[in-house]
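Notes follow the structure.
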Amino acid sequence: DLEGTWAADAEYLESPGTGSLTFAFDARDVFLVIEPLEEGAGNTADVRSGTLSASGSRMYHLVSLRRPGRNLLRLEMRGRARLFAFTFG
């Protein structure tokens, strides 16, 4: 579920500066490739109340749980960034 005015490309989603992305996953780990487009771009992952400030274009480890299972992840964006590939472990 997307909130805000996101730009969709074949390779990525681009956040509008503020917005959110919410989805269910069934895994232990969640990774995401993020490319910040301005200083201060980052997000908040509600699954463990963690905060991530994306400082460069790379893969980020967003979630690490003890056991795999069905969970909900919500990313609240603060600043423009491109979100590329989600991977799960």
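The way I read the labels, and the way they are meant: chains A, B, ... in the order of the structure tokens, residue 1 as the first residue of every chain, and ligand 1 as the first ligand shown, with later ones counted on from there.
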
Please list as an mmCIF file with all heavy atoms, in the first residue's frame every residue within 9 Å of segment 85-89 of chain A, counting only C-alpha atoms and excluding residues in the same chain fewer than 5 positions away.
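The file below, selection_22.cif, is the result:
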data_model
loop_
_atom_site.group_PDB
_atom_site.id
_atom_site.type_symbol
_atom_site.label_atom_id
_atom_site.label_comp_id
_atom_site.auth_asym_id
_atom_site.auth_seq_id
_atom_site.Cartn_x
_atom_site.Cartn_y
_atom_site.Cartn_z
ATOM 1 N N GLU A 11 12.439 0.031 -12.803
ATOM 2 C CA GLU A 11 13.510 -0.408 -11.912
ATOM 3 C C GLU A 11 13.302 -0.025 -10.443
ATOM 4 O O GLU A 11 13.897 -0.632 -9.564
ATOM 5 C CB GLU A 11 14.848 0.186 -12.375
ATOM 6 C CG GLU A 11 15.260 -0.225 -13.769
ATOM 7 C CD GLU A 11 15.770 -1.648 -13.810
ATOM 8 O OE1 GLU A 11 16.419 -2.076 -12.849
ATOM 9 O OE2 GLU A 11 15.513 -2.325 -14.823
ATOM 10 N N TYR A 12 12.504 1.000 -10.158
ATOM 11 C CA TYR A 12 12.411 1.510 -8.787
ATOM 12 C C TYR A 12 11.109 2.270 -8.555
ATOM 13 O O TYR A 12 10.390 2.620 -9.493
ATOM 14 C CB TYR A 12 13.590 2.431 -8.479
ATOM 15 C CG TYR A 12 13.718 3.607 -9.428
ATOM 16 C CD1 TYR A 12 12.952 4.754 -9.244
ATOM 17 C CD2 TYR A 12 14.592 3.571 -10.505
ATOM 18 C CE1 TYR A 12 13.052 5.826 -10.108
ATOM 19 C CE2 TYR A 12 14.699 4.637 -11.372
ATOM 20 C CZ TYR A 12 13.932 5.762 -11.171
ATOM 21 O OH TYR A 12 14.025 6.818 -12.038
ATOM 22 N N PHE A 25 4.946 -9.334 4.823
ATOM 23 C CA PHE A 25 6.008 -10.234 4.387
ATOM 24 C C PHE A 25 6.036 -11.451 5.300
ATOM 25 O O PHE A 25 5.598 -11.398 6.443
ATOM 26 C CB PHE A 25 7.372 -9.538 4.338
ATOM 27 C CG PHE A 25 7.920 -9.163 5.698
ATOM 28 C CD1 PHE A 25 8.800 -10.011 6.350
ATOM 29 C CD2 PHE A 25 7.573 -7.975 6.309
ATOM 30 C CE1 PHE A 25 9.322 -9.678 7.606
ATOM 31 C CE2 PHE A 25 8.080 -7.624 7.546
ATOM 32 C CZ PHE A 25 8.950 -8.475 8.199
ATOM 33 N N ASP A 26 6.560 -12.541 4.783
ATOM 34 C CA ASP A 26 6.692 -13.783 5.542
ATOM 35 C C ASP A 26 8.155 -14.198 5.443
ATOM 36 O O ASP A 26 8.541 -14.904 4.507
ATOM 37 C CB ASP A 26 5.767 -14.854 4.970
ATOM 38 C CG ASP A 26 5.664 -16.077 5.863
ATOM 39 O OD1 ASP A 26 6.413 -16.155 6.864
ATOM 40 O OD2 ASP A 26 4.846 -16.964 5.559
ATOM 41 N N ALA A 27 8.971 -13.715 6.367
ATOM 42 C CA ALA A 27 10.416 -13.943 6.323
ATOM 43 C C ALA A 27 11.022 -13.575 7.673
ATOM 44 O O ALA A 27 10.347 -13.058 8.549
ATOM 45 C CB ALA A 27 11.059 -13.097 5.224
ATOM 46 N N ARG A 28 12.300 -13.851 7.806
ATOM 47 C CA ARG A 28 13.051 -13.476 9.005
ATOM 48 C C ARG A 28 13.768 -12.152 8.804
ATOM 49 O O ARG A 28 13.883 -11.338 9.700
ATOM 50 C CB ARG A 28 14.063 -14.588 9.320
ATOM 51 C CG ARG A 28 14.868 -14.320 10.563
ATOM 52 C CD ARG A 28 15.793 -15.495 10.885
ATOM 53 N NE ARG A 28 16.735 -15.072 11.870
ATOM 54 C CZ ARG A 28 18.011 -14.786 11.630
ATOM 55 N NH1 ARG A 28 18.495 -14.933 10.419
ATOM 56 N NH2 ARG A 28 18.802 -14.381 12.582
ATOM 57 N N ASP A 29 14.282 -11.954 7.598
ATOM 58 C CA ASP A 29 15.065 -10.762 7.274
ATOM 59 C C ASP A 29 14.471 -10.046 6.064
ATOM 60 O O ASP A 29 13.962 -10.694 5.144
ATOM 61 C CB ASP A 29 16.514 -11.132 6.961
ATOM 62 C CG ASP A 29 17.233 -11.709 8.159
ATOM 63 O OD1 ASP A 29 17.523 -10.936 9.081
ATOM 64 O OD2 ASP A 29 17.484 -12.930 8.177
ATOM 65 N N VAL A 30 14.585 -8.721 6.078
ATOM 66 C CA VAL A 30 14.154 -7.897 4.943
ATOM 67 C C VAL A 30 15.298 -6.959 4.586
ATOM 68 O O VAL A 30 15.857 -6.284 5.457
ATOM 69 C CB VAL A 30 12.893 -7.067 5.272
ATOM 70 C CG1 VAL A 30 12.506 -6.197 4.083
ATOM 71 C CG2 VAL A 30 11.746 -7.958 5.693
ATOM 72 N N PHE A 31 15.645 -6.934 3.310
ATOM 73 C CA PHE A 31 16.693 -6.072 2.782
ATOM 74 C C PHE A 31 16.085 -5.198 1.692
ATOM 75 O O PHE A 31 15.146 -5.603 1.015
ATOM 76 C CB PHE A 31 17.829 -6.901 2.159
ATOM 77 C CG PHE A 31 18.457 -7.870 3.104
ATOM 78 C CD1 PHE A 31 17.927 -9.139 3.268
ATOM 79 C CD2 PHE A 31 19.591 -7.525 3.824
ATOM 80 C CE1 PHE A 31 18.511 -10.045 4.137
ATOM 81 C CE2 PHE A 31 20.180 -8.427 4.697
ATOM 82 C CZ PHE A 31 19.633 -9.693 4.846
ATOM 83 N N LEU A 32 16.632 -3.994 1.521
ATOM 84 C CA LEU A 32 16.142 -3.089 0.485
ATOM 85 C C LEU A 32 17.300 -2.253 -0.038
ATOM 86 O O LEU A 32 18.088 -1.714 0.740
ATOM 87 C CB LEU A 32 15.065 -2.158 1.065
ATOM 88 C CG LEU A 32 14.554 -1.030 0.172
ATOM 89 C CD1 LEU A 32 13.914 -1.568 -1.100
ATOM 90 C CD2 LEU A 32 13.579 -0.154 0.946
ATOM 91 N N VAL A 33 17.385 -2.139 -1.365
ATOM 92 C CA VAL A 33 18.369 -1.250 -1.987
ATOM 93 C C VAL A 33 17.743 0.146 -2.060
ATOM 94 O O VAL A 33 16.672 0.326 -2.638
ATOM 95 C CB VAL A 33 18.770 -1.740 -3.386
ATOM 96 C CG1 VAL A 33 19.716 -0.744 -4.054
ATOM 97 C CG2 VAL A 33 19.417 -3.115 -3.299
ATOM 98 N N ILE A 34 18.420 1.109 -1.416
ATOM 99 C CA ILE A 34 17.943 2.494 -1.347
ATOM 100 C C ILE A 34 18.996 3.415 -1.946
ATOM 101 O O ILE A 34 20.188 3.286 -1.655
ATOM 102 C CB ILE A 34 17.684 2.928 0.107
ATOM 103 C CG1 ILE A 34 16.661 2.015 0.773
ATOM 104 C CG2 ILE A 34 17.224 4.389 0.168
ATOM 105 C CD1 ILE A 34 16.514 2.253 2.262
ATOM 106 N N MET A 59 22.504 -1.668 -0.420
ATOM 107 C CA MET A 59 21.506 -2.520 0.205
ATOM 108 C C MET A 59 21.521 -2.299 1.715
ATOM 109 O O MET A 59 22.577 -2.288 2.342
ATOM 110 C CB MET A 59 21.778 -3.992 -0.091
ATOM 111 C CG MET A 59 20.723 -4.917 0.509
ATOM 112 S SD MET A 59 21.030 -6.667 0.211
ATOM 113 C CE MET A 59 20.812 -6.730 -1.551
ATOM 114 N N PRO A 68 11.318 -16.648 11.252
ATOM 115 C CA PRO A 68 10.509 -16.170 10.138
ATOM 116 C C PRO A 68 9.032 -16.213 10.511
ATOM 117 O O PRO A 68 8.625 -17.003 11.364
ATOM 118 C CB PRO A 68 10.824 -17.157 9.010
ATOM 119 C CG PRO A 68 11.404 -18.351 9.665
ATOM 120 C CD PRO A 68 11.973 -17.906 10.976
#

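Atom CA of Leu83 of chain A sits 13.4 Å away from atom CA of Leu52 of chain A.
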
Those of chain A in DSSP strand (DSSP E or B), formatted as a VMD selection string = chain A and resid 2 to 3 7 to 8 13 to 14 18 to 36 42 to 45 50 to 52 58 to 78 81 to 88

Write out as an MDAnalysis selection string the residues lying within 8 Å of Leu72 of chain A, counting only C-alpha atoms and excluding same-chain residues fewer than 4 positions away.
-> chainID A and resid 22:25 47

Atomic separation - atom CA of Thr5 of chain A relative to atom CA of Ser64 of chain A, Å =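 Distance between the two atoms: 28.9 Å.
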
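When only C-alpha atoms are used to measure the gap to Leu37 of chain A, the shortest distance among A:Leu73, A:Gly79, A:Phe84, A:Ser20 belongs to A:Gly79.
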
Which of A:Leu62, A:Ala54, A:Ala7, A:Leu2 sits closest to Gly19 of chain A [using only C-alpha atoms] |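 When distances to Gly19 of chain A are compared using only C-alpha atoms, the smallest one comes from A:Leu2.
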
Interatomic distance, atom CA of His61 of chain A to atom CA of Glu35 of chain A (Å, one decimal) | 13.8 Å
